[in-house]
Structure formats: C-alpha cells, structure tokens
$ cat target-v6.cif   # mmCIF, N, CA and C atoms
data_model
#
loop_
_atom_site.label_atom_id
_atom_site.label_comp_id
_atom_site.auth_asym_id
_atom_site.auth_seq_id
_atom_site.Cartn_x
_atom_site.Cartn_y
_atom_site.Cartn_z
N MET A 1 61.40 11.81 -163.09
CA MET A 1 60.68 12.97 -162.63
C MET A 1 61.58 13.88 -161.80
N ASN A 2 62.46 13.27 -161.06
CA ASN A 2 63.38 14.03 -160.26
C ASN A 2 64.33 14.83 -161.14
N GLN A 3 64.75 14.24 -162.24
CA GLN A 3 65.62 14.90 -163.20
C GLN A 3 64.91 16.11 -163.80
N ASN A 4 63.66 15.96 -164.10
CA ASN A 4 62.88 17.03 -164.70
C ASN A 4 62.72 18.20 -163.73
N ALA A 5 62.55 17.93 -162.42
CA ALA A 5 62.38 18.98 -161.42
C ALA A 5 63.66 19.78 -161.26
N SER A 6 64.80 19.10 -161.30
CA SER A 6 66.06 19.82 -161.17
C SER A 6 66.35 20.65 -162.41
N ASP A 7 65.95 20.17 -163.57
CA ASP A 7 66.12 20.95 -164.79
C ASP A 7 65.26 22.20 -164.75
N GLN A 8 64.06 22.10 -164.21
CA GLN A 8 63.18 23.26 -164.12
C GLN A 8 63.76 24.29 -163.14
N GLN A 9 64.33 23.80 -162.02
CA GLN A 9 64.91 24.71 -161.04
C GLN A 9 66.12 25.43 -161.64
N TYR A 10 66.94 24.71 -162.41
CA TYR A 10 68.11 25.31 -163.05
C TYR A 10 67.67 26.34 -164.07
N GLN A 11 66.66 26.03 -164.84
CA GLN A 11 66.18 26.98 -165.83
C GLN A 11 65.60 28.22 -165.15
N TYR A 12 64.91 28.01 -164.03
CA TYR A 12 64.33 29.15 -163.32
C TYR A 12 65.43 30.06 -162.77
N SER A 13 66.48 29.46 -162.19
CA SER A 13 67.53 30.27 -161.60
C SER A 13 68.35 30.98 -162.67
N THR A 14 68.55 30.36 -163.84
CA THR A 14 69.31 31.04 -164.88
C THR A 14 68.46 32.07 -165.60
N MET A 15 67.17 31.86 -165.64
CA MET A 15 66.32 32.83 -166.32
C MET A 15 66.21 34.11 -165.51
N ASN A 16 66.16 34.02 -164.20
CA ASN A 16 65.99 35.20 -163.35
C ASN A 16 67.33 35.74 -162.84
N ASN A 17 68.43 35.22 -163.33
CA ASN A 17 69.79 35.64 -162.95
C ASN A 17 70.06 35.50 -161.45
N TYR A 18 69.51 34.49 -160.84
CA TYR A 18 69.79 34.21 -159.44
C TYR A 18 71.07 33.37 -159.38
N PRO A 19 71.95 33.67 -158.45
CA PRO A 19 73.13 32.82 -158.31
C PRO A 19 72.73 31.49 -157.69
N PRO A 20 73.51 30.47 -157.94
CA PRO A 20 73.18 29.17 -157.32
C PRO A 20 73.31 29.28 -155.80
N PRO A 21 72.53 28.52 -155.08
CA PRO A 21 72.57 28.62 -153.61
C PRO A 21 73.90 28.10 -153.06
N TYR A 22 74.48 28.85 -152.16
CA TYR A 22 75.73 28.48 -151.50
C TYR A 22 75.46 28.22 -150.03
N PRO A 23 76.33 27.46 -149.40
CA PRO A 23 76.16 27.26 -147.95
C PRO A 23 76.47 28.56 -147.22
N PRO A 24 75.91 28.73 -146.05
CA PRO A 24 76.18 29.97 -145.31
C PRO A 24 77.65 30.07 -144.93
N GLY A 25 78.13 31.28 -144.81
CA GLY A 25 79.53 31.52 -144.46
C GLY A 25 79.80 31.22 -143.00
N PRO A 26 81.03 31.40 -142.58
CA PRO A 26 81.36 31.14 -141.17
C PRO A 26 80.68 32.16 -140.28
N PRO A 27 80.44 31.79 -139.02
CA PRO A 27 79.78 32.73 -138.13
C PRO A 27 80.68 33.94 -137.85
N VAL A 28 80.07 35.05 -137.60
CA VAL A 28 80.81 36.28 -137.32
C VAL A 28 81.34 36.21 -135.90
N VAL A 29 82.64 36.41 -135.75
CA VAL A 29 83.28 36.37 -134.44
C VAL A 29 83.16 37.75 -133.82
N GLN A 30 82.72 37.77 -132.58
CA GLN A 30 82.58 39.05 -131.90
C GLN A 30 83.95 39.60 -131.55
N LYS A 31 84.03 40.91 -131.49
CA LYS A 31 85.28 41.61 -131.19
C LYS A 31 85.63 41.48 -129.72
N THR A 32 86.91 41.33 -129.43
CA THR A 32 87.38 41.29 -128.04
C THR A 32 87.64 42.71 -127.57
N ASN A 33 87.21 43.01 -126.37
CA ASN A 33 87.37 44.35 -125.82
C ASN A 33 88.85 44.63 -125.58
N GLY A 34 89.31 45.77 -126.04
CA GLY A 34 90.72 46.14 -125.91
C GLY A 34 91.12 46.45 -124.49
N LYS A 35 90.19 46.98 -123.70
CA LYS A 35 90.52 47.30 -122.31
C LYS A 35 90.71 46.04 -121.48
N SER A 36 90.02 44.96 -121.83
CA SER A 36 90.23 43.73 -121.07
C SER A 36 91.59 43.12 -121.41
N ILE A 37 92.04 43.28 -122.64
CA ILE A 37 93.39 42.82 -122.99
C ILE A 37 94.43 43.65 -122.25
N ALA A 38 94.22 44.97 -122.20
CA ALA A 38 95.15 45.85 -121.49
C ALA A 38 95.15 45.54 -119.99
N ALA A 39 93.99 45.21 -119.44
CA ALA A 39 93.91 44.86 -118.02
C ALA A 39 94.70 43.61 -117.72
N LEU A 40 94.60 42.61 -118.60
CA LEU A 40 95.35 41.37 -118.38
C LEU A 40 96.85 41.62 -118.48
N VAL A 41 97.27 42.37 -119.47
CA VAL A 41 98.71 42.65 -119.64
C VAL A 41 99.24 43.43 -118.45
N LEU A 42 98.51 44.46 -118.03
CA LEU A 42 98.96 45.25 -116.88
C LEU A 42 98.93 44.44 -115.59
N GLY A 43 97.96 43.55 -115.45
CA GLY A 43 97.90 42.70 -114.27
C GLY A 43 99.08 41.75 -114.18
N ILE A 44 99.45 41.16 -115.31
CA ILE A 44 100.62 40.25 -115.32
C ILE A 44 101.89 41.04 -115.05
N LEU A 45 102.01 42.21 -115.66
CA LEU A 45 103.20 43.03 -115.44
C LEU A 45 103.28 43.53 -114.01
N SER A 46 102.12 43.74 -113.36
CA SER A 46 102.15 44.19 -111.97
C SER A 46 102.74 43.14 -111.04
N ILE A 47 102.61 41.89 -111.40
CA ILE A 47 103.21 40.83 -110.59
C ILE A 47 104.70 40.69 -110.91
N MET A 48 105.05 40.91 -112.17
CA MET A 48 106.41 40.61 -112.63
C MET A 48 107.41 41.75 -112.38
N ILE A 49 106.98 43.00 -112.48
CA ILE A 49 107.92 44.12 -112.40
C ILE A 49 107.96 44.66 -110.98
N PRO A 50 109.12 44.65 -110.36
CA PRO A 50 109.20 45.14 -108.98
C PRO A 50 109.10 46.67 -108.91
N TYR A 51 108.58 47.15 -107.80
CA TYR A 51 108.44 48.55 -107.42
C TYR A 51 107.42 49.31 -108.26
N VAL A 52 107.39 49.12 -109.56
CA VAL A 52 106.40 49.78 -110.41
C VAL A 52 105.11 48.94 -110.42
N GLY A 53 105.19 47.71 -109.95
CA GLY A 53 104.05 46.80 -109.95
C GLY A 53 102.87 47.33 -109.17
N PHE A 54 103.13 48.15 -108.16
CA PHE A 54 102.04 48.73 -107.37
C PHE A 54 101.17 49.62 -108.25
N LEU A 55 101.80 50.49 -109.03
CA LEU A 55 101.05 51.39 -109.92
C LEU A 55 100.41 50.63 -111.07
N LEU A 56 101.11 49.64 -111.61
CA LEU A 56 100.55 48.84 -112.71
C LEU A 56 99.35 48.03 -112.23
N GLY A 57 99.40 47.57 -110.99
CA GLY A 57 98.26 46.83 -110.43
C GLY A 57 97.03 47.71 -110.29
N ILE A 58 97.24 48.94 -109.86
CA ILE A 58 96.11 49.87 -109.74
C ILE A 58 95.53 50.16 -111.13
N MET A 59 96.40 50.34 -112.12
CA MET A 59 95.92 50.58 -113.48
C MET A 59 95.16 49.36 -114.02
N ALA A 60 95.64 48.15 -113.69
CA ALA A 60 94.96 46.93 -114.14
C ALA A 60 93.56 46.83 -113.53
N ILE A 61 93.44 47.20 -112.26
CA ILE A 61 92.13 47.17 -111.60
C ILE A 61 91.18 48.16 -112.26
N ILE A 62 91.68 49.34 -112.58
CA ILE A 62 90.84 50.36 -113.22
C ILE A 62 90.40 49.90 -114.61
N PHE A 63 91.36 49.40 -115.42
CA PHE A 63 91.02 48.96 -116.77
C PHE A 63 90.04 47.79 -116.76
N SER A 64 90.22 46.86 -115.82
CA SER A 64 89.32 45.71 -115.81
C SER A 64 87.92 46.10 -115.37
N SER A 65 87.80 47.04 -114.44
CA SER A 65 86.44 47.46 -114.05
C SER A 65 85.76 48.23 -115.18
N LEU A 66 86.53 49.04 -115.92
CA LEU A 66 85.95 49.73 -117.07
C LEU A 66 85.53 48.76 -118.17
N SER A 67 86.37 47.75 -118.40
CA SER A 67 86.04 46.80 -119.47
C SER A 67 84.84 45.93 -119.10
N LEU A 68 84.69 45.58 -117.84
CA LEU A 68 83.52 44.79 -117.43
C LEU A 68 82.23 45.58 -117.63
N LYS A 69 82.29 46.88 -117.41
CA LYS A 69 81.11 47.72 -117.66
C LYS A 69 80.81 47.81 -119.16
N GLU A 70 81.87 47.93 -119.97
CA GLU A 70 81.68 48.02 -121.42
C GLU A 70 81.18 46.72 -122.02
N LEU A 71 81.61 45.60 -121.46
CA LEU A 71 81.20 44.30 -121.99
C LEU A 71 79.69 44.11 -121.88
N LYS A 72 79.11 44.64 -120.83
CA LYS A 72 77.66 44.51 -120.66
C LYS A 72 76.90 45.35 -121.68
N ARG A 73 77.46 46.51 -122.02
CA ARG A 73 76.77 47.39 -122.96
C ARG A 73 76.98 47.00 -124.41
N ARG A 74 78.19 46.58 -124.78
CA ARG A 74 78.53 46.36 -126.19
C ARG A 74 78.44 44.91 -126.64
N TYR A 75 78.21 44.00 -125.75
CA TYR A 75 78.12 42.57 -126.07
C TYR A 75 79.40 42.10 -126.79
N GLU A 76 80.55 42.45 -126.22
CA GLU A 76 81.83 42.02 -126.76
C GLU A 76 82.36 40.85 -125.95
N GLN A 77 83.41 40.25 -126.46
CA GLN A 77 84.07 39.18 -125.73
C GLN A 77 85.20 39.76 -124.89
N GLY A 78 85.67 38.96 -123.92
CA GLY A 78 86.80 39.37 -123.11
C GLY A 78 86.51 39.41 -121.63
N LYS A 79 85.42 38.80 -121.20
CA LYS A 79 85.09 38.82 -119.77
C LYS A 79 86.14 38.07 -118.96
N GLY A 80 86.58 36.93 -119.48
CA GLY A 80 87.60 36.15 -118.77
C GLY A 80 88.92 36.90 -118.68
N LEU A 81 89.28 37.62 -119.73
CA LEU A 81 90.50 38.41 -119.71
C LEU A 81 90.41 39.51 -118.67
N ALA A 82 89.25 40.16 -118.59
CA ALA A 82 89.07 41.24 -117.62
C ALA A 82 89.13 40.72 -116.19
N ILE A 83 88.54 39.57 -115.95
CA ILE A 83 88.56 39.00 -114.60
C ILE A 83 89.97 38.57 -114.22
N ALA A 84 90.69 37.96 -115.17
CA ALA A 84 92.08 37.56 -114.90
C ALA A 84 92.95 38.79 -114.66
N GLY A 85 92.73 39.86 -115.41
CA GLY A 85 93.48 41.09 -115.19
C GLY A 85 93.17 41.70 -113.84
N LEU A 86 91.90 41.61 -113.42
CA LEU A 86 91.51 42.13 -112.11
C LEU A 86 92.20 41.35 -110.99
N VAL A 87 92.19 40.03 -111.10
CA VAL A 87 92.82 39.19 -110.07
C VAL A 87 94.32 39.44 -110.02
N CYS A 88 94.98 39.46 -111.19
CA CYS A 88 96.42 39.71 -111.21
C CYS A 88 96.75 41.10 -110.70
N GLY A 89 95.92 42.09 -111.04
CA GLY A 89 96.14 43.44 -110.54
C GLY A 89 96.01 43.53 -109.04
N ILE A 90 95.03 42.86 -108.47
CA ILE A 90 94.84 42.86 -107.02
C ILE A 90 96.02 42.17 -106.34
N ILE A 91 96.45 41.03 -106.89
CA ILE A 91 97.58 40.30 -106.30
C ILE A 91 98.85 41.14 -106.38
N GLY A 92 99.12 41.76 -107.53
CA GLY A 92 100.31 42.59 -107.67
C GLY A 92 100.29 43.79 -106.75
N THR A 93 99.12 44.41 -106.60
CA THR A 93 99.01 45.57 -105.71
C THR A 93 99.23 45.16 -104.26
N ILE A 94 98.69 44.03 -103.86
CA ILE A 94 98.88 43.57 -102.48
C ILE A 94 100.33 43.20 -102.22
N ILE A 95 100.95 42.49 -103.15
CA ILE A 95 102.35 42.08 -102.96
C ILE A 95 103.26 43.28 -102.80
N TYR A 96 103.17 44.23 -103.74
CA TYR A 96 104.09 45.36 -103.68
C TYR A 96 103.66 46.40 -102.67
N GLY A 97 102.39 46.44 -102.31
CA GLY A 97 101.97 47.29 -101.20
C GLY A 97 102.56 46.81 -99.89
N LEU A 98 102.51 45.50 -99.66
CA LEU A 98 103.11 44.94 -98.45
C LEU A 98 104.63 45.11 -98.47
N LEU A 99 105.24 44.93 -99.63
CA LEU A 99 106.69 45.09 -99.74
C LEU A 99 107.10 46.54 -99.43
N LEU A 100 106.38 47.50 -99.96
CA LEU A 100 106.69 48.90 -99.67
C LEU A 100 106.44 49.24 -98.20
N PHE A 101 105.40 48.65 -97.61
CA PHE A 101 105.13 48.87 -96.19
C PHE A 101 106.25 48.30 -95.33
N ILE A 102 106.73 47.12 -95.65
CA ILE A 102 107.81 46.50 -94.87
C ILE A 102 109.09 47.32 -94.99
N ILE A 103 109.41 47.78 -96.21
CA ILE A 103 110.61 48.59 -96.40
C ILE A 103 110.51 49.89 -95.61
N LEU A 104 109.35 50.54 -95.67
CA LEU A 104 109.15 51.77 -94.91
C LEU A 104 109.25 51.51 -93.41
N PHE A 105 108.67 50.42 -92.94
CA PHE A 105 108.71 50.06 -91.53
C PHE A 105 110.16 49.82 -91.07
N VAL A 106 110.96 49.14 -91.89
CA VAL A 106 112.36 48.87 -91.55
C VAL A 106 113.14 50.18 -91.49
N PHE A 107 112.91 51.09 -92.42
CA PHE A 107 113.61 52.37 -92.39
C PHE A 107 113.24 53.19 -91.16
N ILE A 108 111.98 53.15 -90.76
CA ILE A 108 111.56 53.90 -89.57
C ILE A 108 112.21 53.31 -88.33
N ILE A 109 112.23 52.00 -88.22
CA ILE A 109 112.86 51.34 -87.05
C ILE A 109 114.37 51.64 -87.05
N TYR A 110 114.99 51.56 -88.21
CA TYR A 110 116.43 51.79 -88.28
C TYR A 110 116.75 53.25 -87.96
N ALA A 111 115.96 54.18 -88.40
CA ALA A 111 116.21 55.59 -88.13
C ALA A 111 116.05 55.90 -86.65
N GLY A 112 115.17 55.21 -85.97
CA GLY A 112 114.97 55.45 -84.55
C GLY A 112 116.06 54.83 -83.69
N SER A 113 116.78 53.85 -84.21
CA SER A 113 117.78 53.17 -83.41
C SER A 113 119.20 53.60 -83.73
N VAL A 114 119.40 54.68 -84.47
CA VAL A 114 120.73 55.13 -84.80
C VAL A 114 121.37 55.70 -83.53
N ASP A 115 122.59 55.26 -83.28
CA ASP A 115 123.31 55.68 -82.07
C ASP A 115 124.05 56.97 -82.39
N ASN A 116 124.02 57.91 -81.45
CA ASN A 116 124.66 59.19 -81.65
C ASN A 116 126.11 59.18 -81.18
N THR A 117 126.66 58.04 -80.85
CA THR A 117 128.05 57.97 -80.38
C THR A 117 129.04 58.33 -81.49
N ILE A 118 128.67 58.12 -82.71
CA ILE A 118 129.58 58.44 -83.82
C ILE A 118 129.76 59.95 -83.91
N TYR A 119 128.70 60.70 -83.68
CA TYR A 119 128.78 62.15 -83.82
C TYR A 119 129.26 62.84 -82.54
N SER A 120 129.39 62.12 -81.44
CA SER A 120 129.83 62.75 -80.19
C SER A 120 131.32 63.06 -80.19
N ASN A 121 132.09 62.41 -81.05
CA ASN A 121 133.52 62.67 -81.10
C ASN A 121 133.87 63.95 -81.84
N PHE A 122 132.97 64.49 -82.58
CA PHE A 122 133.30 65.68 -83.37
C PHE A 122 133.09 66.90 -82.58
#
$ encode --input "target-v6.cif" --output "structure tokens"
Amino acid sequence: MNQNASDQQYQYSTMNNYPPPYPPGPPVVQKTNGKSIAALVLGILSIMIPYVGFLLGIMAIIFSSLSLKELKRRYEQGKGLAIAGLVCGIIGTIIYGLLLFIILFVFIIYAGSVDNTIYSNF
C-alpha cells in the first residue's frame, strides 16, 4: 500500500508539472554594515599610527556612532565591529591627545626657560 501511495504522488507531480520537493536552501546571511567595518579599521589605525591617530580616532568615533544608529534601523550585522571601533577610537584619541598635550607642555616650559645670555654678546 505504501508503494501504491508513492506511485500516486509521483504521477500527480508529473501530471501537474510540479518539480520534486527539495530541501530548503541555506539561510540568508544578513549584510554587515560598511560603516562599522570602517569604524573598526579607523579605530585600529588610530592606535597604530602616531600623530595622525588623534584625527583617525575622532573619525572612528563618528563612524561607529553613525553605524550603531543605522544598525537599529536596517537590521544589519556589525554591532560588535562598531563597538570595537568605538573603543579603539576612544583609546587612540586619548593616547595621542595626551601625547600632544605633553609635547605642547614641554615646549611651553622650554620656551619660558631659555636663557638670554647667548644673545647678550651680540
């Protein structure tokens, strides 16, 4: 009887030109937000590249905040990338901000302590 039921199903599917049933395909992978990738790259570069790291860190912070807003609206992936870019951008900005402040502070102290004895002989 089981054989007869499968024969009837085969005849039905070939008579109505239905394709044989296939298993479902792989699940659709959601797109990763491009701004979160850019935020991560800029955040890492802000730590690695001296002197320009301050500006790259600020750009990483901006891109990561924009991407976090877009992720809520578009239901894309990349939240972890955006958060990592934000953290790296903040760390890079703090490191090079402090470095620039120390260099500026040293120049101000050095400029105030220059002795005028060298120019008194002229």
$ closest_residue --input "target-v6.cif" --among "A:Gln77, A:Ser65, A:Thr93, A:Ser46" --to "A:Val29" --atoms "only N, CA and C atoms"
A:Gln77
$ resolve_selection --input "target-v6.cif" --expression "the PyMOL selection byres ((chain A and resi 43) around 8)" --output "list in words"
Ile37, Ala38, Ala39, Leu40, Val41, Leu42, Ile44, Leu45, Ser46, Ile47, Met48, Leu56, Gly57, Ile58, Met59, Ala60, Ile61, Ala84, Gly85, Leu86, Val87, Cys88, Gly89, Ile90, Ile91, Gly92 and Thr93 of chain A
$ residues_near_point --input "target-v6.cif" --point "(86.8, 39.1, -124.3)" --cutoff "7 Å" --atoms "only N, CA and C atoms" --output "list of chain:residue names"
A:Lys31, A:Thr32, A:Asn33, A:Ser36, A:Ile37, A:Glu76, A:Gln77, A:Gly78, A:Lys79, A:Gly80, A:Leu81, A:Ala82
$ atom_distance --input "target-v6.cif" --atom1 "atom N of A:Ser67" --atom2 "atom CA of A:Gly34"
8.8 Å
$ atom_distance --input "target-v6.cif" --atom1 "atom CA of A:Val28" --atom2 "atom C of A:Leu68"
21.8 Å
$ atom_distance --input "target-v6.cif" --atom1 "atom CA of A:Leu55" --atom2 "atom CA of A:Glu70"
22.8 Å
$ closest_residue --input "target-v6.cif" --among "A:Ser113, A:Leu98, A:Ile83, A:Gly25" --to "A:Leu66" --atoms "only C-alpha atoms"
A:Ile83
$ select_by_dssp --input "target-v6.cif" --residues "stretch 38-82 of chain A" --states "alpha helix (DSSP H)" --output "ChimeraX atom specification"
/A:38-48,53-74,79-82
$ closest_residue --input "target-v6.cif" --among "A:Val52, A:Leu100, A:Ala111, A:Ile62" --to "A:Lys35" --atoms "all atoms listed in the file"
A:Ile62
$ axis_aligned_box --input "target-v6.cif" --around "stretch 47-55 of chain A" --padding-each-side "5 Å" --output "lines of an AutoDock Vina configuration file"
center_x = 104.8
center_y = 46.0
center_z = -110.0
size_x = 18.8
size_y = 20.8
size_z = 15.3
